[in-house]
Structure formats: structure tokens, C-alpha cells
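Notes follow once the structure below has been shown.
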Amino acid sequence: MYFRGWTTLIGDMGYALSRLEIDPDYSDSESSPVGDDNGSHQSSSQADVDPEVAQLTKLRSAPHDRLKRVLPRREELNVSPVKMLARREANYSGRGRFSSADQCHMLNKYLPVKGPSIVDQLTTRAYVSQFSNDGSLFVAAFQGSHIKVYNTEMGWKLHKNIVAESLRWTVTDTSLSPDKRFLIYSTMSPIVNIVNIGSAGTDSHANVTEVHEGLEFSADDEAGYSFGIFSVKFSNDGKELVAGSSDDSIYVYDIEANKLSLRIQAHTSDVNSVCFADEASNLIYSGSDDNLCKVWDRRCFRSKGKPVGILTGHLEGITFLDSRNDGRYFISNGKDQTIKLWDIRKMSSNRPRTPGFRNYEWDYRWMDYPLRARNIKHPSDQSVATYKGHSVLRTLIRCYFSPEFSTGQRYIYTGSHDSCVYVYDLVSGAWVARLVHHKSTVRDCSWHPYYPMLVSSSFDGDIAKWEFPGNGENAVPANNSRSRRQYFDL
């Protein structure tokens with residue numbers, strides 16, 4: 001079975017490594033991106049990443065110095081897996097085995113760029129795609145009230161077919177509880193619904209075949225007050241939810257007490273994304289259409305009601321945030337067509353006072369980004385790196401760090417309005433892969449936490465699975481035709 005094969009590979013790093021037995025230098029070159037039939041597209045990302053970030057990434061994904069050594073005082077920059085294996089057998093490192101960084105170096109040669117094969121296809125837009133923390137479940141959410149949960153360890157068998165309740169416009173976000181027993185979903189309403197996905201039946205039609213408990217995020221004294229929730233996440237202990245909303249606020253919901261525990265007027269515009277900084281769940285990051293990222297400490301929410309820091313650099317609104325899960329670094333996707341990498345040690349206590357620098361009118365929901373704005377840099381940019389090349393238009397497109405286990409978080413990947421998935425090298429800023437298949441905007445994508453597999457979801461209704469190597473399924477021919485313009489609000 002495919003999964004068992006890759007589990008063996010990761011654990012033992014055996015010799016049967018696809019084409020490497022035939023071509024030892026295969027995939028050593030990093031000079032050009034893979035998975036793209038159109039070589040004319042070029043990234044203009046900044047490569048001046050902070051030296052500390054570069055060093056941390058190297059420690060997580062570079063091979064042992066002795067495994068790189070050719071002669072005394074001479075090292076290979078890119079060591080082929082065959083040479084790595086031979087030097088491991090000769091015990092060059094003195095450990096008799098590969099470290100986690102050695103394994104990441106090996107598996108970084110195998111980006112999930114082959115395919116794709118189609119997991120599912122609906123006639124409505126796909127908005128969300130997420131693997132569970134252990135990769136055993138995959139969640140796909142669609143505009144037409146459908147949420148599907150697949151068991152990836154049983155041939156992508158449909159585990160739960162959910163029909164959403166309180167649906168307004170679309171399912172905006174989903175989140176699995178840490179124990180994978182429950183799934184929450186949000187829509188453009190102040191109600192977040194929770195579903196028991198561990199129940200026996202496959203079909204879960206809200207309050208018809210199963211109860212979808214509605215968690216009310218509006219206060220008791222706000223009867224009739226309506227807003228939408230763009231982003232919702234379980235805390236790492238599964239006891240609380242944090243959400244970002246269209247009323248410029250961050251909400252914290254206590255699941256055990258079954259009540260809203262906190263609301264903060266966090267920004268001056270829609271809060272499009274929230275996430276926890278690390279496993280402790282004390283620090284929360286938020287990103288908004290006011291162009292700012294903010295850092296919040298839950299331990300002093302009530303006493304101060306203010307962020308512990310503000311990060312400035314985006315020229316337009318922020319669509320998504322993802323934490324490196326170390327309490328220090330996170331990335332943001334912005335409507336200024338960039339991903340930015342942030343170090344919260346560079347945050348300021350107040351928003352920097354900067355003169356107006358935007359002299360154009362633009363709305364990402366139906367307009368292309370102005371050419372004259374593409375090279376503008378924020379005068380008070382506090383980010384440590386910027387990545388360009390993808391397109392953030394029409395919808396809240398998401399970006400992520402690649403998995404720590406298999407890549408050492410060496411890459412950043414994102415959906416794009418041009419129907420592709422982009423993979424950037426975190427240190428150099430160059431894009432190393434551009435996955436071409438979809439016919440419309442790719443809003444979300446998810447990299448398996450352990451296997452070389454990435455799944456993308458698009459407004460064309462396709463849930464597409466990219467792998468390396470293939471698992472015997474027939475790949476779908478790439479479609480490079482340009483989709484006609486469409487207009488969306490989310």
C-alpha cells in the first residue's frame with residue numbers, strides 16, 4: 001500500500017528510492033521550478049530573509065556536515081540521496097542512522113508535484129481543504145452547504161457527508177478537534193456549528209439525521225445583531241474556539257462552559273484570519289482588512305484589551321495567517337499579492353505613523369491589481385521576507401508552511417487566483433514548484449503532515465491530489481486554458 005511504503009521509507013530510508021537507483025543525481029538541481037509547463041512565469045520574491053530564519057531552516061532540513069563532506073574542508077552543497085545512503089551505511093556521522101534533518105533533506109527531493117488525481121468533484125466551488133494533524137482524515141468544504149470528510153488511510157473512503165446548517169453564502173472555515181471526534185464549521189453568520197464526526201452514520205444532515213449544535217457567538221444583549229465568521233480554530237487542548245469576524249472582532253468561545261467567554265474589538269476592519277502561535281495556545285495572531293497583523297496574549301485579554309504587538313508591512317488587506325508553531329514566526333497572505341514572513345520580536349506596541357502612499361482606487365473582488373502598485377514597498381515594513389508570484393484576488397486565498405516532519409518547514413505554499421498552487425523556498429524566496437491543473441481560483445490547499453502529498457481545492461469544484469511518486473492512479477491532463485472572469489465577495 002502507498003502509505004505503508006512511505007512509512008517504511010521515512011523510518012528506514014531504504015534503498016528503493018524510485019528513480020534514484022537509476023539516476024543518482026536526480027532532483028539535485030534546484031535551479032528551476034518543477035510542475036510547470038510554462039517556463040515564462042518568474043517569481044520576483046525577495047531573497048534577503050533574516051539570517052536567523054535561514055539558520056533555523058538549515059538546522060531542520062540540512063544533512064549532517066560529515067554526510068556532505070567530499071574531502072577534508074570541502075563539502076557538497078546538494079548531496080544526492082544515493083550518496084547520503086552510502087555515507088550512512090559507512091557511518092560517516094557516527095550515529096549509524098539519519099537524524100530528522102537528514103530525513104528532511106532526503107524527502108525534500110520528493111515534492112508532491114506529480115499528478116494530479118481527482119479525489120472528488122462537485123458542481124459548486126470548493127472553499128476549504130484540510131488534513132487532520134496526523135493526516136488520517138481530510139476535510140473539504142464547498143459553497144453548496146456540503147462538507148465532506150475522507151478517511152485517507154482507507155483509500156479516501158467517504159467518512160462523513162455533512163450538510164451544513166445556518167448557511168449564509170458559503171462555508172467559510174472548518175476545524176477538527178485535536179482528538180478528531182468533532183468538526184466545527186462557520187458561515188457568514190454569528191453561529192458556529194459543531195458536528196460529531198465519530199458517530200456511526202456516514203450522512204450528517206443538520207438536525208435531520210444528526211444534531212449540529214449551534215454555538216452562538218453574539219452576546220445575549222445583541223439580539224438581531226448579525227455578522228459573519230471568516231476564520232475559526234480549535235485550541236490545542238480542544239476546550240476553546242477562537243474566531244475572527246466581519247464585525248472587526250476576535251471571539252473566544254468556551255466549549256466546556258458552552259458560552260462565549262470573550263469578545264475583543266481587535267481591528268478597524270474585517271478580521272479575516274486568526275491562529276494560535278504555538279501549542280500552548282496563549283498567543284493568538286490576527287490579520288485584517290485594515291492591513292495589520294496583531295499579536296494577542298490571552299493571559300492579559302481582560303486586563304488590557306489591547307494587542308501585545310502590531311506588525312505593519314502589507315499594503316492591502318490580509319487574507320490568511322499560518323503559524324510556524326514556534327511562538328515566534330508566522331506568515332500572512334495579502335491582497336497586495338504578497339506573502340510576508342514575520343518575526344514577532346520585531347513587532348511594535350503601536351501602529352507606525354506613515355504618510356499616505358496609496359494613490360489609486362482598487363477592489364480585489366472584481367479588479368486586477370494595479371501594475372503601478374506592484375513594486376511599492378510599505379515605508380514601515382517590519383516583515384523579514386516577502387514572497388511574490390502568485391495572485392490573491394476574488395477570495396481569501398490561504399498560505400501555509402510545509403510540514404516540519406518531512407520538509408523541516410523549508411517551503412511556503414499557497415493557492416492562487418490564476419488556478420495554480422505555488423511552492424516557495426522559504427530562505428531563497430524562489431518558487432520551486434507551480435502546480436497546474438485547475439480551471440479556476442485555488443482558494444485552499446493542504447500538505448500531508450508526513451507523506452509527499454498535497455491536496456488542492458478550487459472554485460472549479462475539483463479536489464485534486466498531488467503526489468510523489470505516483471500511486472498508480474491515472475493523472476488528469478493539465479489544463480492551461482484561462483478561465484473567464486468571475487466575481488466573488490469572499
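Letters A, B, ... go to the chains of the C-alpha cells in the order shown; residues in each chain start at 1; ligands are counted from 1 in the same order.
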Could you list, as a compact mmCIF listing (two decimals) with N, CA, C and O atoms, in the first residue's frame, every residue within 7 Å of segment 242-259 of chain A, counting only C-alpha atoms and ignoring same-chain residues fewer than 5 positions away?
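part16.txt, written as the output of this step:
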# COMPACT_ATOMS: atom_id res chain seq x y z
N PHE A 227 -23.47 39.13 12.03
CA PHE A 227 -22.15 39.28 11.42
C PHE A 227 -21.72 37.90 10.92
O PHE A 227 -22.36 36.89 11.22
N GLY A 228 -20.66 37.86 10.15
CA GLY A 228 -20.16 36.60 9.63
C GLY A 228 -18.83 36.25 10.25
O GLY A 228 -18.07 37.11 10.70
N ILE A 229 -18.53 34.96 10.29
CA ILE A 229 -17.27 34.47 10.84
C ILE A 229 -16.42 33.95 9.68
O ILE A 229 -16.83 33.03 8.97
N PHE A 230 -15.26 34.54 9.51
CA PHE A 230 -14.37 34.17 8.42
C PHE A 230 -13.40 33.06 8.81
O PHE A 230 -12.97 32.29 7.95
N SER A 231 -13.02 32.99 10.06
CA SER A 231 -11.96 32.08 10.49
C SER A 231 -12.29 31.55 11.87
O SER A 231 -12.68 32.31 12.76
N VAL A 232 -12.11 30.23 12.09
CA VAL A 232 -12.37 29.63 13.40
C VAL A 232 -11.40 28.48 13.61
O VAL A 232 -11.11 27.72 12.69
N LYS A 233 -10.87 28.38 14.84
CA LYS A 233 -9.88 27.36 15.16
C LYS A 233 -10.12 26.79 16.55
O LYS A 233 -10.49 27.51 17.48
N PHE A 234 -9.89 25.47 16.68
CA PHE A 234 -9.85 24.83 17.99
C PHE A 234 -8.54 25.20 18.69
O PHE A 234 -7.49 25.32 18.04
N ILE A 264 -13.27 40.83 21.64
CA ILE A 264 -12.36 41.97 21.60
C ILE A 264 -12.56 42.71 20.28
O ILE A 264 -12.55 42.08 19.21
N GLN A 265 -12.75 44.00 20.34
CA GLN A 265 -12.77 44.83 19.15
C GLN A 265 -11.32 44.97 18.71
O GLN A 265 -10.59 45.86 19.12
N ALA A 266 -10.89 44.06 17.82
CA ALA A 266 -9.46 43.86 17.57
C ALA A 266 -8.89 44.74 16.48
O ALA A 266 -7.73 45.14 16.54
N HIS A 267 -9.68 45.02 15.45
CA HIS A 267 -9.18 45.75 14.28
C HIS A 267 -10.21 46.82 13.88
O HIS A 267 -11.25 46.94 14.51
N THR A 268 -9.88 47.53 12.82
CA THR A 268 -10.80 48.54 12.30
C THR A 268 -11.48 48.08 11.01
O THR A 268 -12.12 48.88 10.33
N SER A 269 -11.33 46.79 10.69
CA SER A 269 -11.99 46.21 9.53
C SER A 269 -12.12 44.70 9.76
O SER A 269 -11.75 44.20 10.82
N ASP A 270 -12.67 43.99 8.76
CA ASP A 270 -12.90 42.55 8.90
C ASP A 270 -11.66 41.82 9.39
O ASP A 270 -10.54 42.05 8.91
N VAL A 271 -11.84 40.90 10.36
CA VAL A 271 -10.76 40.01 10.80
C VAL A 271 -10.89 38.74 9.97
O VAL A 271 -11.74 37.90 10.23
N ASN A 272 -10.03 38.62 8.96
CA ASN A 272 -10.15 37.51 8.00
C ASN A 272 -9.50 36.23 8.47
O ASN A 272 -9.84 35.15 7.96
N SER A 273 -8.57 36.32 9.42
CA SER A 273 -7.86 35.10 9.84
C SER A 273 -7.34 35.24 11.26
O SER A 273 -6.89 36.31 11.68
N VAL A 274 -7.43 34.14 12.00
CA VAL A 274 -6.84 34.03 13.34
C VAL A 274 -6.17 32.66 13.45
O VAL A 274 -6.59 31.70 12.81
Segment 53-57 of chain A surroundings by only C-alpha atoms, 7 Å radius, close-in-sequence under 4 positions cut, as a PyMOL selection string: chain A and resi 49+61+408-410+427
Mind dumping the selected residues with C-alpha atoms as an mmCIF file, in the first residue's frame?
data_model
loop_
_atom_site.group_PDB
_atom_site.id
_atom_site.type_symbol
_atom_site.label_atom_id
_atom_site.label_comp_id
_atom_site.auth_asym_id
_atom_site.auth_seq_id
_atom_site.Cartn_x
_atom_site.Cartn_y
_atom_site.Cartn_z
ATOM 1 C CA VAL A 49 15.487 36.555 4.503
ATOM 2 C CA SER A 61 16.450 20.342 6.778
ATOM 3 C CA GLY A 408 11.693 20.908 8.098
ATOM 4 C CA GLN A 409 9.269 23.709 7.098
ATOM 5 C CA ARG A 410 11.644 24.627 4.300
ATOM 6 C CA VAL A 427 15.130 31.004 2.500
#
All strand (DSSP E or B) residues (DSSP, backbone) inside segment 331-441 of chain A, as a PyMOL selection string: chain A and resi 331-334+338-343+348+385-388+399-401+411-414+420-425+431-436
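Between atom CA of Lys346 of chain A and atom CA of Asp50 of chain A lies a distance of 11.5 Å.
For segment 302-416 of chain A, a DSSP pass over the backbone yields alpha helix (DSSP H) at Arg302, Ser303, Lys304, Glu404, Phe405, Ser406 and Thr407 of chain A.
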Writing out the chosen residues with C-alpha atoms as a PDB file, in the first residue's frame:
ATOM      1  CA  ARG A 302      -9.365  41.083  30.003  1.00  0.00           C
ATOM      2  CA  SER A 303      -6.993  43.381  31.871  1.00  0.00           C
ATOM      3  CA  LYS A 304      -5.688  45.269  28.831  1.00  0.00           C
ATOM      4  CA  GLU A 404       8.003  20.040   9.759  1.00  0.00           C
ATOM      5  CA  PHE A 405       8.317  16.251   9.751  1.00  0.00           C
ATOM      6  CA  SER A 406       9.041  15.754   6.055  1.00  0.00           C
ATOM      7  CA  THR A 407      10.461  19.123   4.971  1.00  0.00           C
TER       8      THR A 407
END
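For segment 457-463 of chain A, the set of protein, DNA and RNA residues having any atom at most 7 Å away, when counting only C-alpha atoms and skipping those fewer than 6 positions along the same chain, is Ile118, Val119, Asp120, Gln121, Leu122, Thr123, Thr124, Arg125, Ala126, Tyr127, Val128, Ser129, His438, Lys439, Ser440, Thr441, Val442, Arg443, Asp444 and Cys445 of chain A.
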Atom pair atom CA of Lys335 of chain A / atom CA of Tyr364 of chain A: separation (Å):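 These two atoms are separated by 6.9 Å.
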Contacts of Gly135 of chain A at 9 Å (only C-alpha atoms; same-chain gap of 6+ positions) as a ChimeraX atom specification: /A:152-153,448-451
Filtering to N, CA and C atoms, could you give me those residues as a PDB file, in the first residue's frame?
ATOM      1  N   THR A 152      -8.243   8.990   4.742  1.00  0.00           N
ATOM      2  CA  THR A 152      -7.135   8.837   3.794  1.00  0.00           C
ATOM      3  C   THR A 152      -6.428   7.497   3.940  1.00  0.00           C
ATOM      4  N   GLU A 153      -6.606   6.825   5.078  1.00  0.00           N
ATOM      5  CA  GLU A 153      -5.933   5.546   5.303  1.00  0.00           C
ATOM      6  C   GLU A 153      -6.759   4.369   4.819  1.00  0.00           C
ATOM      7  N   HIS A 448       0.128  16.998   3.252  1.00  0.00           N
ATOM      8  CA  HIS A 448       0.040  15.936   4.256  1.00  0.00           C
ATOM      9  C   HIS A 448       1.178  16.090   5.260  1.00  0.00           C
ATOM     10  N   PRO A 449       0.891  15.930   6.574  1.00  0.00           N
ATOM     11  CA  PRO A 449       1.939  16.160   7.576  1.00  0.00           C
ATOM     12  C   PRO A 449       3.105  15.186   7.520  1.00  0.00           C
ATOM     13  N   TYR A 450       2.940  14.016   6.867  1.00  0.00           N
ATOM     14  CA  TYR A 450       4.012  13.021   6.849  1.00  0.00           C
ATOM     15  C   TYR A 450       4.384  12.518   5.463  1.00  0.00           C
ATOM     16  N   TYR A 451       3.457  12.516   4.520  1.00  0.00           N
ATOM     17  CA  TYR A 451       3.716  11.949   3.203  1.00  0.00           C
ATOM     18  C   TYR A 451       3.897  13.042   2.156  1.00  0.00           C
TER      19      TYR A 451
END
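Taking atom CA of Gln382 of chain A as the reference point, atom CA of Ser332 of chain A is found at 12.6 Å.
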Contacts of Lys160 of chain A within 6 Å, only C-alpha atoms, excl. fewer than 2 positions in-chain, as a PyMOL selection string: chain A and resi 148-149+158+202-203
Go ahead and write the selection's residues with all heavy atoms as a PDB file, in the first residue's frame.
ATOM      1  N   LYS A 148     -17.315  17.431   3.278  1.00  0.00           N
ATOM      2  CA  LYS A 148     -17.018  16.011   3.181  1.00  0.00           C
ATOM      3  C   LYS A 148     -15.743  15.691   3.945  1.00  0.00           C
ATOM      4  O   LYS A 148     -14.747  16.405   3.829  1.00  0.00           O
ATOM      5  CB  LYS A 148     -16.891  15.583   1.722  1.00  0.00           C
ATOM      6  CG  LYS A 148     -18.189  15.725   0.938  1.00  0.00           C
ATOM      7  CD  LYS A 148     -18.116  15.014  -0.398  1.00  0.00           C
ATOM      8  CE  LYS A 148     -19.459  15.016  -1.104  1.00  0.00           C
ATOM      9  NZ  LYS A 148     -19.442  14.192  -2.337  1.00  0.00           N
ATOM     10  N   VAL A 149     -15.781  14.615   4.714  1.00  0.00           N
ATOM     11  CA  VAL A 149     -14.626  14.144   5.471  1.00  0.00           C
ATOM     12  C   VAL A 149     -14.236  12.782   4.911  1.00  0.00           C
ATOM     13  O   VAL A 149     -15.060  11.866   4.858  1.00  0.00           O
ATOM     14  CB  VAL A 149     -14.939  14.036   6.975  1.00  0.00           C
ATOM     15  CG1 VAL A 149     -13.695  13.614   7.739  1.00  0.00           C
ATOM     16  CG2 VAL A 149     -15.481  15.358   7.514  1.00  0.00           C
ATOM     17  N   LEU A 158     -15.245   7.881   1.882  1.00  0.00           N
ATOM     18  CA  LEU A 158     -16.025   8.951   2.492  1.00  0.00           C
ATOM     19  C   LEU A 158     -16.368   8.569   3.927  1.00  0.00           C
ATOM     20  O   LEU A 158     -17.068   7.594   4.174  1.00  0.00           O
ATOM     21  CB  LEU A 158     -17.297   9.213   1.688  1.00  0.00           C
ATOM     22  CG  LEU A 158     -18.155  10.406   2.157  1.00  0.00           C
ATOM     23  CD1 LEU A 158     -17.374  11.709   2.032  1.00  0.00           C
ATOM     24  CD2 LEU A 158     -19.449  10.478   1.354  1.00  0.00           C
ATOM     25  N   THR A 202     -22.784   7.693   8.052  1.00  0.00           N
ATOM     26  CA  THR A 202     -21.959   8.471   7.122  1.00  0.00           C
ATOM     27  C   THR A 202     -22.603   9.821   6.839  1.00  0.00           C
ATOM     28  O   THR A 202     -21.917  10.850   6.812  1.00  0.00           O
ATOM     29  CB  THR A 202     -21.755   7.709   5.802  1.00  0.00           C
ATOM     30  OG1 THR A 202     -21.100   6.471   6.077  1.00  0.00           O
ATOM     31  CG2 THR A 202     -20.923   8.525   4.818  1.00  0.00           C
ATOM     32  N   ASP A 203     -23.910   9.842   6.635  1.00  0.00           N
ATOM     33  CA  ASP A 203     -24.606  11.089   6.319  1.00  0.00           C
ATOM     34  C   ASP A 203     -24.934  11.860   7.593  1.00  0.00           C
ATOM     35  O   ASP A 203     -25.409  11.293   8.581  1.00  0.00           O
ATOM     36  CB  ASP A 203     -25.895  10.804   5.557  1.00  0.00           C
ATOM     37  CG  ASP A 203     -25.625  10.292   4.145  1.00  0.00           C
ATOM     38  OD1 ASP A 203     -24.629  10.744   3.540  1.00  0.00           O
ATOM     39  OD2 ASP A 203     -26.397   9.445   3.663  1.00  0.00           O
TER      40      ASP A 203
END
